[in-house]
Every structure is written in C-alpha cells, then in structure tokens.
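Below is one structure; the comments refer to it alone.
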Amino acid sequence: MGYRVVDANAVDPAPDRPSECRKLSEPGGLEHAAINRFRAEPGEQLPLAYHYHETQQEAFYVLSGTLAVETPDGTYDVETDDLFVVDPESPQRAYNPDDADGPVTVLAIGAPPAADDAVAYDPADE
C-alpha cells in the first residue's frame, strides 16, 4: 500500500507557461494520469497553444472562477464546480477571458499521461 499527500502550493510553478501551472503528477507518484493545477489571471490561457491530444482524454474541473474553452464548435463557459471533458483529437484552448472579474483556478486531469502527444491546431486550416 502507498499513500502520499502533496501540498500543491509547495510545488514550484512550471517555467515558461502562459499562466501559473503546478504539475502535481510527479510529486504525487502518479503513473497513469497527469494532474496539473492552473491559476490564470484575466487574459491568460492555460495551454501553450490551441491544440488537441492524439491519445489523451482531458478533464478540467473549475475550482474557482469561470473557465472559457474555445473549440471548433464554439466557446464553452465552465463555472465553478463544473467539469469540462475533452476527448482525444478534439481541439481546445482553455483561458480566462480578458474581461473576467478575477483569476480562474482549474484542476486539469489527463489520461493516459502523454507528454508528447499534443498537436497544435489552427482553426484557419479548417
């Protein structure tokens, strides 16, 4: 048996990200899922680019604020305590709108963990 408690605030934010991203998988010893906590100020996005994953399913659980998720089908507003799920090969860009009242905090879970399966998406190519 094994158990771990991870203080997310003790995990250093990942460098070179468009918003605060604390990668919790490694400190938690997770092998079958990726978990990140994001905190985005108004005007900041969560991912590095509009993208999709070839194999990974993602879920965004909003802890506070409202997350906007742009997709080819339109933009979704995901409120506090709501879960937004993205299937593999489904393009998305999650962000906190410029006119938001404050930051948005999101727990992002991806499975299987896939460090190199993100593919940049350009809506103009459609």
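All residue names refer to the structure tokens as shown: chains lettered A, B, ... in order, residues numbered from 1 in each chain, ligands numbered from 1 in order.
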Skipping near chain neighbours, those fewer than 6 positions away, what residues fall within 12 Å of Leu48 of chain A using only C-alpha atoms, listed as a PDB file with all heavy atoms, in the first residue's frame?
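File produced: around-v1.pdb:
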```pdb
ATOM      1  N   ALA A  14       5.577  25.551 -13.153  1.00  0.00           N
ATOM      2  CA  ALA A  14       6.362  25.200 -14.337  1.00  0.00           C
ATOM      3  C   ALA A  14       6.810  26.490 -15.022  1.00  0.00           C
ATOM      4  O   ALA A  14       6.029  27.440 -15.126  1.00  0.00           O
ATOM      5  CB  ALA A  14       5.526  24.350 -15.286  1.00  0.00           C
ATOM      6  N   PRO A  15       8.059  26.534 -15.487  1.00  0.00           N
ATOM      7  CA  PRO A  15       8.532  27.746 -16.159  1.00  0.00           C
ATOM      8  C   PRO A  15       7.959  27.867 -17.573  1.00  0.00           C
ATOM      9  O   PRO A  15       7.496  26.884 -18.155  1.00  0.00           O
ATOM     10  CB  PRO A  15      10.051  27.532 -16.210  1.00  0.00           C
ATOM     11  CG  PRO A  15      10.221  26.040 -16.217  1.00  0.00           C
ATOM     12  CD  PRO A  15       9.072  25.490 -15.397  1.00  0.00           C
ATOM     13  N   ASP A  16       7.984  29.067 -18.091  1.00  0.00           N
ATOM     14  CA  ASP A  16       7.619  29.329 -19.487  1.00  0.00           C
ATOM     15  C   ASP A  16       6.203  28.897 -19.839  1.00  0.00           C
ATOM     16  O   ASP A  16       5.954  28.342 -20.910  1.00  0.00           O
ATOM     17  CB  ASP A  16       8.620  28.656 -20.438  1.00  0.00           C
ATOM     18  CG  ASP A  16      10.045  29.113 -20.179  1.00  0.00           C
ATOM     19  OD1 ASP A  16      10.226  30.310 -19.877  1.00  0.00           O
ATOM     20  OD2 ASP A  16      10.956  28.284 -20.265  1.00  0.00           O
ATOM     21  N   ARG A  17       5.258  29.126 -18.940  1.00  0.00           N
ATOM     22  CA  ARG A  17       3.849  28.831 -19.199  1.00  0.00           C
ATOM     23  C   ARG A  17       3.081  30.148 -19.280  1.00  0.00           C
ATOM     24  O   ARG A  17       3.478  31.135 -18.676  1.00  0.00           O
ATOM     25  CB  ARG A  17       3.259  27.968 -18.074  1.00  0.00           C
ATOM     26  CG  ARG A  17       3.901  26.603 -17.879  1.00  0.00           C
ATOM     27  CD  ARG A  17       3.646  25.681 -19.037  1.00  0.00           C
ATOM     28  NE  ARG A  17       2.232  25.493 -19.246  1.00  0.00           N
ATOM     29  CZ  ARG A  17       1.687  24.430 -19.798  1.00  0.00           C
ATOM     30  NH1 ARG A  17       2.445  23.445 -20.209  1.00  0.00           N
ATOM     31  NH2 ARG A  17       0.404  24.338 -19.967  1.00  0.00           N
ATOM     32  N   PRO A  18       1.955  30.184 -20.008  1.00  0.00           N
ATOM     33  CA  PRO A  18       1.181  31.434 -20.122  1.00  0.00           C
ATOM     34  C   PRO A  18       0.403  31.769 -18.846  1.00  0.00           C
ATOM     35  O   PRO A  18      -0.129  32.869 -18.726  1.00  0.00           O
ATOM     36  CB  PRO A  18       0.245  31.162 -21.288  1.00  0.00           C
ATOM     37  CG  PRO A  18       0.174  29.690 -21.399  1.00  0.00           C
ATOM     38  CD  PRO A  18       1.470  29.143 -20.877  1.00  0.00           C
ATOM     39  N   SER A  19       0.304  30.832 -17.902  1.00  0.00           N
ATOM     40  CA  SER A  19      -0.341  31.066 -16.613  1.00  0.00           C
ATOM     41  C   SER A  19       0.369  30.179 -15.598  1.00  0.00           C
ATOM     42  O   SER A  19       1.223  29.363 -15.944  1.00  0.00           O
ATOM     43  CB  SER A  19      -1.834  30.719 -16.675  1.00  0.00           C
ATOM     44  OG  SER A  19      -2.021  29.350 -16.965  1.00  0.00           O
ATOM     45  N   GLU A  20       0.015  30.340 -14.328  1.00  0.00           N
ATOM     46  CA  GLU A  20       0.626  29.502 -13.296  1.00  0.00           C
ATOM     47  C   GLU A  20       0.176  28.054 -13.473  1.00  0.00           C
ATOM     48  O   GLU A  20      -1.020  27.767 -13.495  1.00  0.00           O
ATOM     49  CB  GLU A  20       0.229  29.996 -11.910  1.00  0.00           C
ATOM     50  CG  GLU A  20       0.814  29.160 -10.791  1.00  0.00           C
ATOM     51  CD  GLU A  20       0.290  29.591  -9.448  1.00  0.00           C
ATOM     52  OE1 GLU A  20       0.708  30.671  -8.975  1.00  0.00           O
ATOM     53  OE2 GLU A  20      -0.555  28.868  -8.880  1.00  0.00           O
ATOM     54  N   CYS A  21       1.133  27.141 -13.604  1.00  0.00           N
ATOM     55  CA  CYS A  21       0.847  25.716 -13.770  1.00  0.00           C
ATOM     56  C   CYS A  21       1.703  24.935 -12.785  1.00  0.00           C
ATOM     57  O   CYS A  21       2.933  24.964 -12.858  1.00  0.00           O
ATOM     58  CB  CYS A  21       1.162  25.270 -15.194  1.00  0.00           C
ATOM     59  SG  CYS A  21       1.026  23.481 -15.441  1.00  0.00           S
ATOM     60  N   GLN A  92      -8.970  22.253 -28.494  1.00  0.00           N
ATOM     61  CA  GLN A  92      -9.450  23.168 -27.477  1.00  0.00           C
ATOM     62  C   GLN A  92      -8.350  24.132 -27.064  1.00  0.00           C
ATOM     63  O   GLN A  92      -7.169  23.851 -27.220  1.00  0.00           O
ATOM     64  CB  GLN A  92      -9.966  22.403 -26.244  1.00  0.00           C
ATOM     65  CG  GLN A  92      -8.973  21.473 -25.598  1.00  0.00           C
ATOM     66  CD  GLN A  92      -8.057  22.122 -24.569  1.00  0.00           C
ATOM     67  OE1 GLN A  92      -8.241  23.253 -24.169  1.00  0.00           O
ATOM     68  NE2 GLN A  92      -7.059  21.380 -24.148  1.00  0.00           N
ATOM     69  N   ARG A  93      -8.804  25.264 -26.534  1.00  0.00           N
ATOM     70  CA  ARG A  93      -7.919  26.262 -25.928  1.00  0.00           C
ATOM     71  C   ARG A  93      -8.658  26.817 -24.725  1.00  0.00           C
ATOM     72  O   ARG A  93      -9.700  27.470 -24.856  1.00  0.00           O
ATOM     73  CB  ARG A  93      -7.589  27.383 -26.907  1.00  0.00           C
ATOM     74  CG  ARG A  93      -6.631  28.430 -26.325  1.00  0.00           C
ATOM     75  CD  ARG A  93      -6.337  29.527 -27.337  1.00  0.00           C
ATOM     76  NE  ARG A  93      -7.471  30.429 -27.504  1.00  0.00           N
ATOM     77  CZ  ARG A  93      -7.675  31.542 -26.796  1.00  0.00           C
ATOM     78  NH1 ARG A  93      -6.842  31.898 -25.851  1.00  0.00           N
ATOM     79  NH2 ARG A  93      -8.733  32.301 -27.049  1.00  0.00           N
ATOM     80  N   ALA A  94      -8.141  26.526 -23.536  1.00  0.00           N
ATOM     81  CA  ALA A  94      -8.764  26.980 -22.294  1.00  0.00           C
ATOM     82  C   ALA A  94      -8.097  28.279 -21.843  1.00  0.00           C
ATOM     83  O   ALA A  94      -6.869  28.399 -21.882  1.00  0.00           O
ATOM     84  CB  ALA A  94      -8.629  25.905 -21.228  1.00  0.00           C
ATOM     85  N   TYR A  95      -8.925  29.240 -21.400  1.00  0.00           N
ATOM     86  CA  TYR A  95      -8.370  30.531 -20.998  1.00  0.00           C
ATOM     87  C   TYR A  95      -9.320  31.256 -20.050  1.00  0.00           C
ATOM     88  O   TYR A  95     -10.490  30.875 -19.881  1.00  0.00           O
ATOM     89  CB  TYR A  95      -8.102  31.403 -22.231  1.00  0.00           C
ATOM     90  CG  TYR A  95      -9.334  31.761 -23.019  1.00  0.00           C
ATOM     91  CD1 TYR A  95      -9.970  32.978 -22.829  1.00  0.00           C
ATOM     92  CD2 TYR A  95      -9.870  30.882 -23.962  1.00  0.00           C
ATOM     93  CE1 TYR A  95     -11.115  33.311 -23.552  1.00  0.00           C
ATOM     94  CE2 TYR A  95     -11.002  31.200 -24.677  1.00  0.00           C
ATOM     95  CZ  TYR A  95     -11.614  32.413 -24.475  1.00  0.00           C
ATOM     96  OH  TYR A  95     -12.744  32.732 -25.184  1.00  0.00           O
ATOM     97  N   ALA A 118       0.572  16.293 -27.788  1.00  0.00           N
ATOM     98  CA  ALA A 118      -0.188  17.498 -28.109  1.00  0.00           C
ATOM     99  C   ALA A 118       0.154  17.958 -29.522  1.00  0.00           C
ATOM    100  O   ALA A 118       1.315  18.026 -29.897  1.00  0.00           O
ATOM    101  CB  ALA A 118       0.107  18.605 -27.104  1.00  0.00           C
ATOM    102  N   VAL A 119      -0.886  18.250 -30.291  1.00  0.00           N
ATOM    103  CA  VAL A 119      -0.730  18.681 -31.681  1.00  0.00           C
ATOM    104  C   VAL A 119      -1.331  20.073 -31.803  1.00  0.00           C
ATOM    105  O   VAL A 119      -2.493  20.287 -31.425  1.00  0.00           O
ATOM    106  CB  VAL A 119      -1.443  17.712 -32.634  1.00  0.00           C
ATOM    107  CG1 VAL A 119      -1.346  18.201 -34.071  1.00  0.00           C
ATOM    108  CG2 VAL A 119      -0.882  16.295 -32.495  1.00  0.00           C
ATOM    109  N   ALA A 120      -0.552  21.030 -32.306  1.00  0.00           N
ATOM    110  CA  ALA A 120      -1.062  22.392 -32.494  1.00  0.00           C
ATOM    111  C   ALA A 120      -2.223  22.363 -33.481  1.00  0.00           C
ATOM    112  O   ALA A 120      -2.233  21.599 -34.449  1.00  0.00           O
ATOM    113  CB  ALA A 120       0.043  23.298 -33.004  1.00  0.00           C
ATOM    114  N   TYR A 121      -3.224  23.211 -33.225  1.00  0.00           N
ATOM    115  CA  TYR A 121      -4.415  23.298 -34.059  1.00  0.00           C
ATOM    116  C   TYR A 121      -4.596  24.743 -34.508  1.00  0.00           C
ATOM    117  O   TYR A 121      -4.532  25.665 -33.710  1.00  0.00           O
ATOM    118  CB  TYR A 121      -5.638  22.833 -33.272  1.00  0.00           C
ATOM    119  CG  TYR A 121      -6.940  23.025 -33.995  1.00  0.00           C
ATOM    120  CD1 TYR A 121      -7.334  22.164 -34.999  1.00  0.00           C
ATOM    121  CD2 TYR A 121      -7.789  24.085 -33.678  1.00  0.00           C
ATOM    122  CE1 TYR A 121      -8.528  22.355 -35.686  1.00  0.00           C
ATOM    123  CE2 TYR A 121      -8.983  24.280 -34.356  1.00  0.00           C
ATOM    124  CZ  TYR A 121      -9.342  23.413 -35.345  1.00  0.00           C
ATOM    125  OH  TYR A 121     -10.520  23.594 -36.017  1.00  0.00           O
TER     126      TYR A 121
END
```
Give me every alpha helix (DSSP H) residue in segment 1-110 of chain A, going by DSSP on the backbone, as JSON, numbers by chain.
{"A": [25, 26, 27, 28]}
Could you dump the residues just selected with N, CA, C and O atoms as a short mmCIF file (atom, residue, chain, number, x, y, z; two decimals), in the first residue's frame?
```
data_model
loop_
_atom_site.label_atom_id
_atom_site.label_comp_id
_atom_site.auth_asym_id
_atom_site.auth_seq_id
_atom_site.Cartn_x
_atom_site.Cartn_y
_atom_site.Cartn_z
N SER A 25 1.63 15.53 -10.85
CA SER A 25 1.74 14.10 -11.09
C SER A 25 3.01 13.50 -10.50
O SER A 25 2.96 12.49 -9.78
N GLU A 26 4.15 14.08 -10.81
CA GLU A 26 5.41 13.53 -10.33
C GLU A 26 5.51 13.57 -8.81
O GLU A 26 5.82 12.54 -8.19
N PRO A 27 5.21 14.72 -8.16
CA PRO A 27 5.27 14.72 -6.69
C PRO A 27 4.29 13.72 -6.07
O PRO A 27 4.54 13.20 -4.99
N GLY A 28 3.19 13.45 -6.76
CA GLY A 28 2.20 12.50 -6.26
C GLY A 28 2.52 11.05 -6.60
O GLY A 28 1.84 10.14 -6.16
#
```
Where in chain A does DSSP assign strand (DSSP E), given as a PDB file with C-alpha atoms, in the first residue's frame?
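Contents of the output file selection-v3.pdb:
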```pdb
ATOM      1  CA  GLU A  20       0.626  29.502 -13.296  1.00  0.00           C
ATOM      2  CA  CYS A  21       0.847  25.716 -13.770  1.00  0.00           C
ATOM      3  CA  ARG A  22       1.765  23.408 -10.899  1.00  0.00           C
ATOM      4  CA  LYS A  23       2.454  19.886 -12.195  1.00  0.00           C
ATOM      5  CA  ALA A  34      -1.419  13.628 -15.355  1.00  0.00           C
ATOM      6  CA  ILE A  35      -2.730  16.232 -12.909  1.00  0.00           C
ATOM      7  CA  ASN A  36      -1.975  19.950 -13.090  1.00  0.00           C
ATOM      8  CA  ARG A  37      -3.385  22.872 -11.143  1.00  0.00           C
ATOM      9  CA  PHE A  38      -3.685  26.078 -13.136  1.00  0.00           C
ATOM     10  CA  ARG A  39      -4.328  29.612 -11.934  1.00  0.00           C
ATOM     11  CA  ALA A  40      -4.929  32.071 -14.759  1.00  0.00           C
ATOM     12  CA  HIS A  51      -4.238  22.120 -29.532  1.00  0.00           C
ATOM     13  CA  TYR A  52      -5.580  18.600 -29.350  1.00  0.00           C
ATOM     14  CA  HIS A  53      -4.195  15.356 -27.979  1.00  0.00           C
ATOM     15  CA  GLN A  57      -8.586  12.465 -22.688  1.00  0.00           C
ATOM     16  CA  GLU A  58      -8.603  15.644 -20.600  1.00  0.00           C
ATOM     17  CA  ALA A  59     -10.897  16.891 -17.879  1.00  0.00           C
ATOM     18  CA  PHE A  60     -10.948  20.413 -16.453  1.00  0.00           C
ATOM     19  CA  TYR A  61     -12.574  20.842 -13.033  1.00  0.00           C
ATOM     20  CA  VAL A  62     -13.069  24.510 -12.145  1.00  0.00           C
ATOM     21  CA  LEU A  63     -12.214  25.188  -8.507  1.00  0.00           C
ATOM     22  CA  SER A  64     -12.986  28.926  -8.673  1.00  0.00           C
ATOM     23  CA  LEU A  67     -13.058  28.989 -17.449  1.00  0.00           C
ATOM     24  CA  ALA A  68     -13.639  29.698 -21.140  1.00  0.00           C
ATOM     25  CA  VAL A  69     -12.834  26.845 -23.532  1.00  0.00           C
ATOM     26  CA  GLU A  70     -12.649  27.639 -27.243  1.00  0.00           C
ATOM     27  CA  THR A  71     -13.451  24.753 -29.590  1.00  0.00           C
ATOM     28  CA  GLY A  74     -17.957  27.346 -30.125  1.00  0.00           C
ATOM     29  CA  THR A  75     -16.791  28.633 -26.766  1.00  0.00           C
ATOM     30  CA  TYR A  76     -17.963  26.994 -23.550  1.00  0.00           C
ATOM     31  CA  ASP A  77     -18.187  28.827 -20.213  1.00  0.00           C
ATOM     32  CA  VAL A  78     -17.324  26.397 -17.431  1.00  0.00           C
ATOM     33  CA  LEU A  83     -16.302  19.641 -15.175  1.00  0.00           C
ATOM     34  CA  PHE A  84     -15.408  20.044 -18.865  1.00  0.00           C
ATOM     35  CA  VAL A  85     -14.234  16.877 -20.662  1.00  0.00           C
ATOM     36  CA  VAL A  86     -12.253  16.811 -23.914  1.00  0.00           C
ATOM     37  CA  ARG A  93      -7.919  26.262 -25.928  1.00  0.00           C
ATOM     38  CA  ALA A  94      -8.764  26.980 -22.294  1.00  0.00           C
ATOM     39  CA  TYR A  95      -8.370  30.531 -20.998  1.00  0.00           C
ATOM     40  CA  VAL A 104      -9.735  31.167 -12.546  1.00  0.00           C
ATOM     41  CA  THR A 105      -8.306  28.116 -10.758  1.00  0.00           C
ATOM     42  CA  VAL A 106      -8.596  24.771 -12.526  1.00  0.00           C
ATOM     43  CA  LEU A 107      -7.588  21.187 -11.823  1.00  0.00           C
ATOM     44  CA  ALA A 108      -6.684  19.531 -15.139  1.00  0.00           C
ATOM     45  CA  ILE A 109      -6.543  15.738 -15.358  1.00  0.00           C
ATOM     46  CA  GLY A 110      -5.297  13.855 -18.402  1.00  0.00           C
ATOM     47  CA  ALA A 111      -5.183  10.128 -19.015  1.00  0.00           C
ATOM     48  CA  ALA A 118      -0.188  17.498 -28.109  1.00  0.00           C
ATOM     49  CA  VAL A 119      -0.730  18.681 -31.681  1.00  0.00           C
ATOM     50  CA  ALA A 120      -1.062  22.392 -32.494  1.00  0.00           C
TER      51      ALA A 120
END
```
Given the choices A:Thr55, A:Thr80, A:Ser90, A:Thr66, which gets closest to Gly102 of chain A if the distance is worked out from only C-alpha atoms?
A:Thr66
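Closest approach to Pro103 of chain A from the set A:Asp12, A:Ala33, A:Asp7, A:Gly65 is made by A:Gly65, with distances taken over only C-alpha atoms.
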Name the closest residue to Pro97 of chain A among the candidates A:Leu46, A:Leu30, A:Leu24, A:Ala10; distances are taken between atoms, counting only C-alpha atoms.
A:Leu46
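Take atom CA of Asp98 of chain A and atom CA of Ala8 of chain A: the distance between them is 26.0 Å.
For the pair atom CA of Glu31 of chain A and atom CA of Pro113 of chain A, the separation is 7.5 Å.
Separating atom CA of Asp73 of chain A from atom CA of Glu89 of chain A is a distance of 13.5 Å.
Closest approach to Asp122 of chain A among A:Asp99, A:Glu79, A:Pro72, A:Gln45: A:Pro72, based on only C-alpha atoms.
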